[in-house]
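Asks: Quick one, input.txt (compact mmCIF, N, CA and C atoms):
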# COMPACT_ATOMS: atom_id res chain seq x y z
N MET A 1 0.82 -1.20 0.00
CA MET A 1 0.00 0.00 0.00
C MET A 1 0.87 1.26 0.00
N SER A 2 1.92 1.25 0.81
CA SER A 2 2.77 2.44 0.87
C SER A 2 3.54 2.64 -0.44
N SER A 3 3.86 1.56 -1.15
CA SER A 3 4.55 1.73 -2.43
C SER A 3 3.62 2.35 -3.47
N LEU A 4 2.33 2.03 -3.38
CA LEU A 4 1.35 2.65 -4.29
C LEU A 4 1.23 4.14 -4.00
N LEU A 5 1.18 4.51 -2.72
CA LEU A 5 1.11 5.93 -2.36
C LEU A 5 2.39 6.65 -2.76
N HIS A 6 3.52 5.99 -2.61
CA HIS A 6 4.78 6.60 -3.01
C HIS A 6 4.81 6.83 -4.53
N SER A 7 4.36 5.84 -5.29
CA SER A 7 4.32 5.99 -6.75
C SER A 7 3.39 7.11 -7.18
N ALA A 8 2.24 7.20 -6.51
CA ALA A 8 1.28 8.26 -6.84
C ALA A 8 1.85 9.63 -6.49
N SER A 9 2.51 9.75 -5.35
CA SER A 9 3.07 11.04 -4.96
C SER A 9 4.20 11.46 -5.89
N VAL A 10 5.01 10.50 -6.33
CA VAL A 10 6.09 10.80 -7.28
C VAL A 10 5.50 11.26 -8.60
N LEU A 11 4.44 10.61 -9.05
CA LEU A 11 3.80 10.99 -10.32
C LEU A 11 3.22 12.39 -10.24
N LEU A 12 2.54 12.70 -9.12
CA LEU A 12 1.94 14.03 -8.97
C LEU A 12 3.00 15.11 -8.78
N ALA A 13 4.05 14.80 -8.05
CA ALA A 13 5.09 15.79 -7.80
C ALA A 13 5.93 16.05 -9.04
N ASP A 14 5.97 15.08 -9.94
CA ASP A 14 6.76 15.22 -11.16
C ASP A 14 6.19 16.31 -12.07
N GLY A 15 4.91 16.56 -11.97
CA GLY A 15 4.29 17.59 -12.80
C GLY A 15 3.81 17.09 -14.14
N ASN A 16 3.99 15.84 -14.42
CA ASN A 16 3.54 15.28 -15.70
C ASN A 16 2.20 14.57 -15.54
N VAL A 17 1.29 15.23 -14.88
CA VAL A 17 -0.04 14.66 -14.69
C VAL A 17 -0.77 14.75 -16.03
N PRO A 18 -1.36 13.65 -16.48
CA PRO A 18 -2.05 13.70 -17.77
C PRO A 18 -3.25 14.63 -17.72
N GLN A 19 -3.38 15.46 -18.75
CA GLN A 19 -4.50 16.38 -18.87
C GLN A 19 -5.37 15.94 -20.05
N PRO A 20 -6.55 15.43 -19.78
CA PRO A 20 -7.40 15.01 -20.88
C PRO A 20 -7.83 16.20 -21.73
N GLY A 21 -7.92 15.98 -23.02
CA GLY A 21 -8.34 17.05 -23.92
C GLY A 21 -9.85 17.23 -23.92
N ARG A 22 -10.27 18.37 -24.38
CA ARG A 22 -11.71 18.65 -24.47
C ARG A 22 -12.16 18.24 -25.86
N ASN A 23 -13.05 17.29 -25.89
CA ASN A 23 -13.47 16.74 -27.17
C ASN A 23 -14.92 17.04 -27.49
N ALA A 24 -15.48 18.10 -26.94
CA ALA A 24 -16.87 18.43 -27.22
C ALA A 24 -16.99 18.97 -28.64
N PRO A 25 -18.00 18.54 -29.37
CA PRO A 25 -18.20 19.07 -30.72
C PRO A 25 -18.49 20.57 -30.70
N ASP A 26 -18.04 21.27 -31.73
CA ASP A 26 -18.24 22.71 -31.79
C ASP A 26 -19.72 23.09 -31.83
N GLN A 27 -20.53 22.29 -32.51
CA GLN A 27 -21.96 22.60 -32.58
C GLN A 27 -22.61 22.52 -31.20
N LEU A 28 -22.21 21.53 -30.41
CA LEU A 28 -22.76 21.39 -29.05
C LEU A 28 -22.27 22.53 -28.16
N THR A 29 -21.02 22.88 -28.28
CA THR A 29 -20.46 23.95 -27.47
C THR A 29 -21.18 25.27 -27.74
N GLY A 30 -21.45 25.56 -28.98
CA GLY A 30 -22.17 26.78 -29.33
C GLY A 30 -23.57 26.81 -28.75
N LYS A 31 -24.27 25.69 -28.81
CA LYS A 31 -25.64 25.64 -28.28
C LYS A 31 -25.65 25.75 -26.76
N VAL A 32 -24.70 25.09 -26.10
CA VAL A 32 -24.62 25.18 -24.64
C VAL A 32 -24.29 26.60 -24.22
N ASN A 33 -23.38 27.26 -24.91
CA ASN A 33 -23.04 28.65 -24.59
C ASN A 33 -24.24 29.57 -24.78
N THR A 34 -25.06 29.31 -25.81
CA THR A 34 -26.26 30.11 -26.03
C THR A 34 -27.24 29.94 -24.88
N VAL A 35 -27.47 28.70 -24.47
CA VAL A 35 -28.41 28.44 -23.37
C VAL A 35 -27.90 29.05 -22.07
N LEU A 36 -26.60 28.92 -21.79
CA LEU A 36 -26.05 29.51 -20.57
C LEU A 36 -26.10 31.03 -20.60
N GLY A 37 -25.89 31.62 -21.77
CA GLY A 37 -26.01 33.07 -21.89
C GLY A 37 -27.42 33.56 -21.62
N ILE A 38 -28.41 32.83 -22.14
CA ILE A 38 -29.81 33.19 -21.89
C ILE A 38 -30.13 33.04 -20.41
N ALA A 39 -29.64 31.96 -19.78
CA ALA A 39 -29.88 31.76 -18.36
C ALA A 39 -29.22 32.86 -17.53
N ALA A 40 -28.04 33.31 -17.93
CA ALA A 40 -27.37 34.39 -17.20
C ALA A 40 -28.15 35.70 -17.31
N TRP A 41 -28.65 36.00 -18.51
CA TRP A 41 -29.45 37.21 -18.67
C TRP A 41 -30.75 37.12 -17.89
N ALA A 42 -31.38 35.95 -17.87
CA ALA A 42 -32.62 35.77 -17.11
C ALA A 42 -32.35 35.93 -15.61
N GLY A 43 -31.23 35.39 -15.13
CA GLY A 43 -30.89 35.55 -13.72
C GLY A 43 -30.62 37.00 -13.36
N THR A 44 -29.96 37.72 -14.24
CA THR A 44 -29.71 39.14 -14.01
C THR A 44 -31.01 39.93 -14.00
N ALA A 45 -31.89 39.64 -14.94
CA ALA A 45 -33.19 40.32 -14.99
C ALA A 45 -34.02 40.00 -13.74
N ALA A 46 -33.98 38.76 -13.28
CA ALA A 46 -34.72 38.39 -12.07
C ALA A 46 -34.15 39.11 -10.85
N GLY A 47 -32.83 39.28 -10.80
CA GLY A 47 -32.21 40.01 -9.69
C GLY A 47 -32.61 41.47 -9.67
N VAL A 48 -32.61 42.10 -10.84
CA VAL A 48 -33.02 43.51 -10.93
C VAL A 48 -34.49 43.65 -10.54
N ALA A 49 -35.32 42.74 -11.04
CA ALA A 49 -36.75 42.78 -10.70
C ALA A 49 -36.94 42.57 -9.19
N GLY A 50 -36.17 41.66 -8.60
CA GLY A 50 -36.28 41.43 -7.16
C GLY A 50 -35.91 42.64 -6.34
N VAL A 51 -34.85 43.33 -6.73
CA VAL A 51 -34.45 44.55 -6.02
C VAL A 51 -35.52 45.63 -6.18
N LEU A 52 -36.06 45.79 -7.39
CA LEU A 52 -37.11 46.79 -7.61
C LEU A 52 -38.37 46.47 -6.81
N ILE A 53 -38.78 45.23 -6.81
CA ILE A 53 -39.98 44.83 -6.07
C ILE A 53 -39.78 45.01 -4.57
N THR A 54 -38.62 44.62 -4.06
CA THR A 54 -38.35 44.79 -2.64
C THR A 54 -38.31 46.26 -2.26
N GLY A 55 -37.70 47.09 -3.09
CA GLY A 55 -37.69 48.53 -2.83
C GLY A 55 -39.08 49.13 -2.85
N THR A 56 -39.91 48.68 -3.77
CA THR A 56 -41.30 49.16 -3.83
C THR A 56 -42.06 48.75 -2.58
N MET A 57 -41.88 47.51 -2.15
CA MET A 57 -42.56 47.05 -0.95
C MET A 57 -42.08 47.80 0.29
N MET A 58 -40.80 48.14 0.34
CA MET A 58 -40.28 48.92 1.45
C MET A 58 -40.90 50.32 1.47
N ALA A 59 -41.03 50.95 0.31
CA ALA A 59 -41.61 52.29 0.22
C ALA A 59 -43.08 52.27 0.61
N ILE A 60 -43.81 51.28 0.17
CA ILE A 60 -45.24 51.19 0.51
C ILE A 60 -45.41 50.95 2.01
N SER A 61 -44.59 50.08 2.58
CA SER A 61 -44.69 49.82 4.02
C SER A 61 -44.33 51.06 4.85
N LEU A 62 -43.35 51.83 4.40
CA LEU A 62 -42.98 53.05 5.09
C LEU A 62 -44.11 54.06 5.03
N LYS A 63 -44.75 54.16 3.88
CA LYS A 63 -45.85 55.09 3.71
C LYS A 63 -47.03 54.73 4.62
N ARG A 64 -47.28 53.42 4.77
CA ARG A 64 -48.40 52.96 5.60
C ARG A 64 -48.05 52.95 7.07
N GLY A 65 -46.78 53.06 7.41
CA GLY A 65 -46.37 53.02 8.80
C GLY A 65 -46.20 51.61 9.33
N GLU A 66 -46.12 50.66 8.45
CA GLU A 66 -45.94 49.27 8.86
C GLU A 66 -44.45 48.97 8.98
N SER A 67 -44.15 48.12 9.92
CA SER A 67 -42.76 47.67 9.98
C SER A 67 -42.73 46.23 9.48
N SER A 68 -41.79 45.98 8.67
CA SER A 68 -41.70 44.65 8.09
C SER A 68 -40.23 44.29 7.94
N GLU A 69 -39.95 43.05 7.70
CA GLU A 69 -38.57 42.60 7.59
C GLU A 69 -38.12 42.62 6.12
N HIS A 70 -38.08 43.79 5.55
CA HIS A 70 -37.68 43.91 4.15
C HIS A 70 -36.17 43.81 3.98
N MET A 71 -35.44 44.16 5.02
CA MET A 71 -33.98 44.12 4.89
C MET A 71 -33.49 42.68 4.72
N SER A 72 -34.12 41.73 5.39
CA SER A 72 -33.71 40.34 5.20
C SER A 72 -34.07 39.87 3.80
N ARG A 73 -35.22 40.32 3.31
CA ARG A 73 -35.62 39.97 1.94
C ARG A 73 -34.66 40.60 0.94
N LEU A 74 -34.27 41.85 1.19
CA LEU A 74 -33.32 42.52 0.30
C LEU A 74 -31.96 41.82 0.35
N GLY A 75 -31.56 41.37 1.53
CA GLY A 75 -30.30 40.63 1.65
C GLY A 75 -30.34 39.33 0.85
N MET A 76 -31.46 38.64 0.89
CA MET A 76 -31.58 37.40 0.12
C MET A 76 -31.54 37.69 -1.38
N VAL A 77 -32.20 38.74 -1.81
CA VAL A 77 -32.20 39.10 -3.23
C VAL A 77 -30.78 39.48 -3.68
N LEU A 78 -30.10 40.28 -2.88
CA LEU A 78 -28.74 40.68 -3.23
C LEU A 78 -27.78 39.50 -3.19
N GLY A 79 -28.00 38.57 -2.26
CA GLY A 79 -27.20 37.35 -2.24
C GLY A 79 -27.39 36.54 -3.50
N GLY A 80 -28.64 36.45 -3.97
CA GLY A 80 -28.91 35.76 -5.24
C GLY A 80 -28.25 36.47 -6.41
N CYS A 81 -28.26 37.79 -6.38
CA CYS A 81 -27.60 38.56 -7.46
C CYS A 81 -26.10 38.28 -7.48
N VAL A 82 -25.49 38.23 -6.32
CA VAL A 82 -24.05 37.93 -6.24
C VAL A 82 -23.78 36.53 -6.75
N LEU A 83 -24.64 35.58 -6.39
CA LEU A 83 -24.47 34.20 -6.83
C LEU A 83 -24.58 34.09 -8.35
N VAL A 84 -25.56 34.76 -8.94
CA VAL A 84 -25.72 34.74 -10.40
C VAL A 84 -24.55 35.42 -11.08
N ALA A 85 -24.09 36.53 -10.51
CA ALA A 85 -23.00 37.28 -11.14
C ALA A 85 -21.66 36.55 -11.07
N THR A 86 -21.44 35.77 -10.02
CA THR A 86 -20.15 35.12 -9.86
C THR A 86 -20.13 33.67 -10.34
N ALA A 87 -21.26 33.13 -10.74
CA ALA A 87 -21.31 31.72 -11.14
C ALA A 87 -20.42 31.45 -12.35
N GLY A 88 -20.56 32.24 -13.38
CA GLY A 88 -19.78 32.03 -14.60
C GLY A 88 -18.27 32.16 -14.39
N PRO A 89 -17.81 33.27 -13.83
CA PRO A 89 -16.36 33.40 -13.60
C PRO A 89 -15.81 32.35 -12.65
N LEU A 90 -16.59 31.95 -11.65
CA LEU A 90 -16.12 30.95 -10.70
C LEU A 90 -15.93 29.59 -11.39
N ILE A 91 -16.89 29.18 -12.19
CA ILE A 91 -16.78 27.92 -12.91
C ILE A 91 -15.66 27.99 -13.93
N GLN A 92 -15.51 29.12 -14.59
CA GLN A 92 -14.43 29.27 -15.57
C GLN A 92 -13.07 29.17 -14.88
N PHE A 93 -12.93 29.73 -13.69
CA PHE A 93 -11.68 29.65 -12.93
C PHE A 93 -11.38 28.21 -12.52
N VAL A 94 -12.40 27.48 -12.11
CA VAL A 94 -12.20 26.11 -11.64
C VAL A 94 -11.83 25.18 -12.79
N PHE A 95 -12.45 25.34 -13.95
CA PHE A 95 -12.26 24.39 -15.04
C PHE A 95 -11.22 24.81 -16.06
N GLN A 96 -10.51 25.90 -15.85
CA GLN A 96 -9.44 26.27 -16.78
C GLN A 96 -8.13 26.36 -16.11
Kindly return the structure encoded in the file as structure tokens.
Replies:
Amino acid sequence: MSSLLHSASVLLADGNVPQPGRNAPDQLTGKVNTVLGIAAWAGTAAGVAGVLITGTMMAISLKRGESSEHMSRLGMVLGGCVLVATAGPLIQFVFQ
């Protein structure tokens, strides 16, 4: 068992770790990029709509004199916006 671990550590430390090539067809890659682009735009639009709706609800509640937990809702919306905005670059960093 220890000789197997030693061989694996030597292989990894050597720097010659095999890197499999990307063999996805160009037609598939283009279609997947289109779908992901549409999903990214939809996520951005949903985030903007969420911020606008939460702001409107906060203004209406203030006008009526009601107290409500809009800040937690706004935090969740902004957290979703950050998640949508960083998903693409994060995945690109991990897989390249």
Asks: Given the choices A:Ala8, A:Val94, A:Arg73, A:Gly80, which gets closest to Thr44 of chain A if the distance is worked out from only C-alpha atoms?
Replies: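 Checking each candidate against Thr44 of chain A, we get A:Gly80 as the closest.
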Asks: Using all atoms listed in the file, pick whichever of A:Gly37, A:Leu74, A:Ser9, A:Gly43 has the shortest atom-to-atom distance to Gly55 of chain A.
Replies: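 Nearest to Gly55 of chain A: A:Leu74.
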Asks: Using only the atoms of segment 39-52 of chain A listed in the file, plus 6 Å on each side, state the axis-aligned box centre and edge lengths in Å rounded to one decimal, as lines of an AutoDock Vina configuration file.
Replies:
center_x = -32.9
center_y = 39.3
center_z = -12.9
size_x = 23.0
size_y = 27.0
size_z = 25.8
Asks: Tell me, in Å to one decimal, how far atom CA of Gly88 of chain A is from atom CA of Gly75 of chain A.
Replies: 21.2 Å
Asks: To test your reading of the structure, identify every residue in chain A that backbone DSSP assigns to alpha helix (DSSP H), and report it as JSON, numbers by chain.
Replies: {"A": [2, 3, 4, 5, 6, 7, 8, 9, 10, 11, 12, 13, 14, 26, 27, 28, 29, 30, 31, 32, 33, 34, 35, 36, 37, 38, 39, 40, 41, 42, 43, 44, 45, 46, 47, 48, 49, 50, 51, 52, 53, 54, 55, 56, 57, 58, 59, 60, 61, 62, 63, 64, 70, 71, 72, 73, 74, 75, 76, 77, 78, 79, 80, 81, 82, 83, 84, 85, 86, 87, 88, 89, 90, 91, 92, 93, 94, 95]}
Asks: I need the residue nearest Leu78 of chain A from this list: A:Lys31, A:Met57, A:Gly47, A:Ser3. Use only N, CA and C atoms for the distance.
Replies: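 Looking at the shortest contact to Leu78 of chain A, the residue is A:Gly47.
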Asks: Just to confirm, what's the straight-line distance from atom C of Leu36 of chain A to atom N of Val77 of chain A in Å (one decimal)?
Replies: 21.2 Å
